[in-house]
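> Structure: target_16.cif, mmCIF, C-alpha atoms.
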```cif
data_input
loop_
_atom_site.group_PDB
_atom_site.id
_atom_site.type_symbol
_atom_site.label_atom_id
_atom_site.label_comp_id
_atom_site.auth_asym_id
_atom_site.auth_seq_id
_atom_site.Cartn_x
_atom_site.Cartn_y
_atom_site.Cartn_z
ATOM 1 C CA MET A 1 -26.832 12.700 5.059
ATOM 2 C CA ASP A 2 -25.430 12.807 8.586
ATOM 3 C CA LEU A 3 -21.762 13.238 9.460
ATOM 4 C CA TYR A 4 -21.309 9.604 10.547
ATOM 5 C CA VAL A 5 -22.521 8.315 7.162
ATOM 6 C CA ILE A 6 -20.192 10.710 5.335
ATOM 7 C CA ALA A 7 -17.215 9.697 7.493
ATOM 8 C CA ARG A 8 -18.034 6.035 6.981
ATOM 9 C CA LEU A 9 -18.316 6.500 3.226
ATOM 10 C CA VAL A 10 -14.969 8.329 3.094
ATOM 11 C CA HIS A 11 -13.363 5.601 5.236
ATOM 12 C CA ILE A 12 -14.719 2.769 3.089
ATOM 13 C CA LEU A 13 -13.797 4.483 -0.186
ATOM 14 C CA SER A 14 -10.261 5.227 0.986
ATOM 15 C CA ALA A 15 -9.917 1.619 2.177
ATOM 16 C CA CYS A 16 -10.974 0.511 -1.309
ATOM 17 C CA VAL A 17 -8.418 2.844 -2.881
ATOM 18 C CA LEU A 18 -5.701 1.620 -0.500
ATOM 19 C CA PHE A 19 -6.445 -2.036 -1.180
ATOM 20 C CA GLY A 20 -7.118 -1.628 -4.891
ATOM 21 C CA SER A 21 -4.150 0.571 -5.686
ATOM 22 C CA GLY A 22 -1.883 -1.671 -3.635
ATOM 23 C CA ALA A 23 -3.073 -4.766 -5.472
ATOM 24 C CA ALA A 24 -2.864 -3.092 -8.889
ATOM 25 C CA ILE A 25 0.582 -1.634 -8.236
ATOM 26 C CA ALA A 26 1.835 -4.993 -7.021
ATOM 27 C CA PHE A 27 0.380 -6.792 -10.036
ATOM 28 C CA PHE A 28 1.776 -4.437 -12.665
ATOM 29 C CA MET A 29 5.181 -4.117 -11.009
ATOM 30 C CA LEU A 30 5.435 -7.894 -10.628
ATOM 31 C CA MET A 31 4.366 -8.580 -14.217
ATOM 32 C CA ALA A 32 6.794 -5.973 -15.564
ATOM 33 C CA TRP A 33 9.635 -7.476 -13.522
ATOM 34 C CA ARG A 34 8.783 -11.011 -14.603
ATOM 35 C CA SER A 35 8.769 -9.964 -18.262
ATOM 36 C CA GLY A 36 12.522 -9.389 -18.107
ATOM 37 C CA GLU A 37 12.080 -6.533 -20.589
ATOM 38 C CA ARG A 38 13.993 -3.560 -19.221
ATOM 39 C CA ALA A 39 12.157 -0.862 -21.228
ATOM 40 C CA GLY A 40 8.686 -2.092 -20.257
ATOM 41 C CA PHE A 41 9.764 -2.602 -16.665
ATOM 42 C CA ALA A 42 11.206 0.940 -16.607
ATOM 43 C CA LEU A 43 7.926 2.370 -17.886
ATOM 44 C CA ALA A 44 5.876 0.400 -15.363
ATOM 45 C CA SER A 45 8.150 1.422 -12.482
ATOM 46 C CA ARG A 46 7.771 5.121 -13.381
ATOM 47 C CA HIS A 47 3.987 4.794 -13.358
ATOM 48 C CA VAL A 48 3.994 2.740 -10.155
ATOM 49 C CA VAL A 49 5.937 5.444 -8.300
ATOM 50 C CA LEU A 50 3.434 8.047 -9.475
ATOM 51 C CA ALA A 51 0.406 5.860 -8.643
ATOM 52 C CA ASP A 52 1.758 5.181 -5.169
ATOM 53 C CA TRP A 53 1.875 8.909 -4.457
ATOM 54 C CA LEU A 54 -1.444 9.779 -6.080
ATOM 55 C CA PHE A 55 -3.543 6.924 -4.736
ATOM 56 C CA THR A 56 -1.823 4.953 -1.984
ATOM 57 C CA ALA A 57 -0.312 7.895 -0.112
ATOM 58 C CA SER A 58 -3.559 9.874 -0.143
ATOM 59 C CA ALA A 59 -5.485 6.858 1.168
ATOM 60 C CA VAL A 60 -2.800 6.273 3.815
ATOM 61 C CA VAL A 61 -3.500 9.770 5.162
ATOM 62 C CA ILE A 62 -7.297 9.617 4.841
ATOM 63 C CA GLN A 63 -7.664 6.212 6.536
ATOM 64 C CA PRO A 64 -6.585 7.174 10.076
ATOM 65 C CA LEU A 65 -8.289 10.567 9.893
ATOM 66 C CA SER A 66 -11.619 9.108 8.817
ATOM 67 C CA GLY A 67 -11.178 6.179 11.215
ATOM 68 C CA ILE A 68 -10.661 8.461 14.208
ATOM 69 C CA ALA A 69 -13.656 10.532 13.121
ATOM 70 C CA LEU A 70 -15.769 7.358 12.869
ATOM 71 C CA ALA A 71 -14.703 6.136 16.295
ATOM 72 C CA HIS A 72 -15.495 9.522 17.812
ATOM 73 C CA LEU A 73 -18.872 9.807 16.072
ATOM 74 C CA ALA A 74 -19.815 6.233 17.027
ATOM 75 C CA GLY A 75 -18.718 6.716 20.637
ATOM 76 C CA TRP A 76 -16.045 4.002 20.569
ATOM 77 C CA PRO A 77 -13.084 4.644 22.820
ATOM 78 C CA LEU A 78 -9.877 5.085 20.814
ATOM 79 C CA THR A 79 -8.317 2.543 23.192
ATOM 80 C CA ALA A 80 -10.768 -0.251 22.331
ATOM 81 C CA PRO A 81 -8.728 -3.461 21.842
ATOM 82 C CA TRP A 82 -9.854 -3.943 18.226
ATOM 83 C CA LEU A 83 -8.836 -0.364 17.423
ATOM 84 C CA LEU A 84 -5.470 -0.783 19.174
ATOM 85 C CA ALA A 85 -4.874 -3.930 17.124
ATOM 86 C CA SER A 86 -5.793 -1.985 13.979
ATOM 87 C CA TYR A 87 -3.319 0.784 14.844
ATOM 88 C CA GLY A 88 -0.570 -1.777 15.391
ATOM 89 C CA LEU A 89 -1.303 -3.512 12.089
ATOM 90 C CA TYR A 90 -1.457 -0.154 10.304
ATOM 91 C CA GLY A 91 1.957 0.755 11.730
ATOM 92 C CA PHE A 92 3.298 -2.625 10.615
ATOM 93 C CA ILE A 93 1.968 -2.021 7.103
ATOM 94 C CA GLY A 94 3.698 1.354 7.082
ATOM 95 C CA ALA A 95 6.940 -0.281 8.202
ATOM 96 C CA CYS A 96 6.665 -2.562 5.153
ATOM 97 C CA TRP A 97 5.415 0.135 2.750
ATOM 98 C CA LEU A 98 8.106 2.758 3.375
ATOM 99 C CA PRO A 99 10.957 0.455 2.270
ATOM 100 C CA VAL A 100 8.796 -0.660 -0.679
ATOM 101 C CA VAL A 101 8.436 2.972 -1.780
ATOM 102 C CA TRP A 102 12.191 3.472 -1.483
ATOM 103 C CA ILE A 103 12.760 0.271 -3.500
ATOM 104 C CA GLN A 104 10.335 1.431 -6.200
ATOM 105 C CA TYR A 105 12.236 4.718 -6.524
ATOM 106 C CA ARG A 106 15.568 2.893 -6.644
ATOM 107 C CA VAL A 107 14.278 0.406 -9.233
ATOM 108 C CA ARG A 108 12.842 3.237 -11.338
ATOM 109 C CA ASP A 109 16.105 5.183 -11.243
ATOM 110 C CA ARG A 110 18.318 2.145 -11.835
ATOM 111 C CA LEU A 111 16.239 0.978 -14.806
ATOM 112 C CA ALA A 112 16.270 4.474 -16.316
ATOM 113 C CA ALA A 113 20.078 4.563 -16.039
ATOM 114 C CA ALA A 114 20.621 1.008 -17.312
ATOM 115 C CA GLU A 115 22.180 0.528 -20.722
ATOM 116 C CA GLY A 116 21.007 -2.159 -23.102
ATOM 117 C CA GLU A 117 18.108 -4.518 -22.657
ATOM 118 C CA ALA A 118 19.099 -6.486 -19.559
ATOM 119 C CA VAL A 119 17.577 -5.755 -16.150
ATOM 120 C CA PRO A 120 20.522 -5.083 -13.798
ATOM 121 C CA PRO A 121 21.213 -7.694 -11.076
ATOM 122 C CA GLU A 122 20.759 -5.031 -8.363
ATOM 123 C CA VAL A 123 17.172 -4.520 -9.557
ATOM 124 C CA HIS A 124 16.434 -8.242 -9.268
ATOM 125 C CA ARG A 125 17.793 -8.215 -5.700
ATOM 126 C CA LEU A 126 15.670 -5.173 -4.805
ATOM 127 C CA MET A 127 12.572 -6.700 -6.379
ATOM 128 C CA ARG A 128 12.946 -9.878 -4.329
ATOM 129 C CA ILE A 129 12.945 -7.734 -1.166
ATOM 130 C CA TRP A 130 9.979 -5.741 -2.537
ATOM 131 C CA PHE A 131 8.094 -8.981 -3.181
ATOM 132 C CA VAL A 132 8.778 -10.369 0.297
ATOM 133 C CA LEU A 133 7.687 -7.133 2.014
ATOM 134 C CA GLY A 134 4.384 -7.082 0.143
ATOM 135 C CA TRP A 135 2.963 -10.319 1.519
ATOM 136 C CA PRO A 136 2.911 -9.524 5.250
ATOM 137 C CA ALA A 137 1.599 -6.023 4.510
ATOM 138 C CA PHE A 138 -1.192 -7.500 2.381
ATOM 139 C CA ALA A 139 -2.073 -9.991 5.133
ATOM 140 C CA ALA A 140 -2.090 -7.211 7.737
ATOM 141 C CA LEU A 141 -4.440 -5.142 5.591
ATOM 142 C CA ILE A 142 -6.827 -8.096 5.343
ATOM 143 C CA ALA A 143 -6.608 -8.466 9.133
ATOM 144 C CA ILE A 144 -7.599 -4.805 9.546
ATOM 145 C CA PHE A 145 -10.612 -5.391 7.289
ATOM 146 C CA VAL A 146 -11.612 -8.318 9.513
ATOM 147 C CA LEU A 147 -11.250 -6.148 12.628
ATOM 148 C CA MET A 148 -13.291 -3.340 11.078
ATOM 149 C CA ILE A 149 -16.081 -5.712 10.067
ATOM 150 C CA THR A 150 -16.229 -7.826 13.236
ATOM 151 C CA LYS A 151 -15.243 -5.222 15.887
ATOM 152 C CA PRO A 152 -14.446 -7.969 18.404
ATOM 153 C CA GLY A 153 -15.584 -7.150 21.896
ATOM 154 C CA VAL A 154 -18.184 -4.584 20.825
#
```
Translate this structure into structure tokens?

Amino acid sequence: MDLYVIARLVHILSACVLFGSGAAIAFFMLMAWRSGERAGFALASRHVVLADWLFTASAVVIQPLSGIALAHLAGWPLTAPWLLASYGLYGFIGACWLPVVWIQYRVRDRLAAAEGEAVPPEVHRLMRIWFVLGWPAFAALIAIFVLMITKPGV
């Protein structure tokens, strides 16, 4: 197997992990929040924080490294417009994801410290922000997939 095929495989697999873990984390965190059950929500938030570091963060690092390797191996200039657009969208996703990670930590800690069965009002406020930040990041990730598939201008 040549180096380009390996780099492409790594890039595609890490994109799948990034997309899949993001979707799964969002689903389970949202369902736990909507349940209104503090104990279940606390458990889900602990696992979501861990999953974000194990899966999402590793894919976040692998994606640009494998992408740059692919561009180099394919002979595409790193300043190609479709790549520049991808970098911008990736940065935008990061600008959404970093506050989401902070929110997930805060939610986890606040739920662990909460007494009784009620989800604290602060957690509901944080989760609304978390929810709003997820949509543009998800759309930007889809846009990157479109750019990677179509490579406009190539």
> Which polymer residues have any atom within 10 Å of an atom of region 148-154 of chain A, counting all atoms listed in the file, with same-chain residues fewer than 2 positions away left out, as a list in words?
Gly67, Trp76, Ala80, Pro81, Trp82, Leu83, Ser86, Ile142, Ala143, Ile144, Phe145 and Val146 of chain A
> Calculate how many Å separate CA of Phe131 (chain A) from CA of Trp102 (chain A), rounding to one decimal.
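Taking CA of Phe131 (chain A) as the start and CA of Trp102 (chain A) as the end point, the length is 13.2 Å.
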> Between A:Ser45, A:Gln63, A:Thr79, A:Thr56, single out the one closest to Asp109 (chain A), counting only C-alpha atoms.
A:Ser45
> Could you tell me which of A:Asp52, A:Glu115, A:Asp2, A:Glu122 comes closest to Val100 (chain A) if we count all atoms listed in the file?
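Result for the nearest residue to Val100 (chain A): A:Asp52.
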> Selection in question (the file shown): the PyMOL selection byres ((chain A and resi 124) around 12). Which residues does it include, as a VMD selection string?
chain A and resid 30 32 to 36 38 41 103 to 104 106 to 107 110 to 111 118 to 123 125 to 131
> Mind working out the centre and edge lengths of an axis-aligned box for region 9-16 of chain A, all listed atoms inside, 6 Å added to each side, rounded to one decimal in Å and written as lines of an AutoDock Vina configuration file?

```
center_x = -14.1
center_y = 4.4
center_z = 2.0
size_x = 20.4
size_y = 19.8
size_z = 18.5
```
> Mind pulling up the distance from CA of Pro64 (chain A) to CA of Gly22 (chain A)?
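Computing it gives 17.0 Å between the two atoms.
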> Work out how far apart CA of Ala139 (chain A) and CA of Ala57 (chain A) are and give it in Å to one decimal.
18.7 Å
> Using only C-alpha atoms, which residue out of A:Ile93, A:Val61, A:Leu147, A:Ala74 lies closest to Gly134 (chain A)?
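Answer, going by the shortest atom-to-atom distance: A:Ile93.
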> Residues at most 9 Å from Val48 (chain A), counting all atoms listed in the file, excluding those fewer than 4 positions away in the same chain, as a list in words?
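Residues meeting the cut-off are Ile25, Ala26, Phe28, Met29, Leu43, Ala44, Asp52, Trp53, Gln104 and Arg108 of chain A.
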> Name the residues in contact with Ala7 (chain A) at a cut-off of 10 Å, using all atoms listed in the file, excluding same-chain residues fewer than 4 positions from it; report them as a compact mmCIF listing (two decimals) with C-alpha atoms, in the frame of the given file.

```
# COMPACT_ATOMS: atom_id res chain seq x y z
CA ASP A 2 -25.43 12.81 8.59
CA LEU A 3 -21.76 13.24 9.46
CA HIS A 11 -13.36 5.60 5.24
CA ILE A 12 -14.72 2.77 3.09
CA LEU A 13 -13.80 4.48 -0.19
CA LEU A 65 -8.29 10.57 9.89
CA SER A 66 -11.62 9.11 8.82
CA GLY A 67 -11.18 6.18 11.22
CA ILE A 68 -10.66 8.46 14.21
CA ALA A 69 -13.66 10.53 13.12
CA LEU A 70 -15.77 7.36 12.87
CA ALA A 71 -14.70 6.14 16.30
CA LEU A 73 -18.87 9.81 16.07
```
> Taking (4.7, 6.2, 3.5) in the file's coordinates as the center, which residues reach within 8 Å of it, counting all atoms listed in the file, put as an MDAnalysis selection string?
chainID A and resid 57 60 94 97:98 101
> Determine the nearest neighbour of Leu54 (chain A) from the options A:Val10, A:Leu18, A:Met1, A:Leu133, counting only C-alpha atoms.
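Counting only C-alpha atoms, the residue closest to Leu54 (chain A) is A:Leu18.
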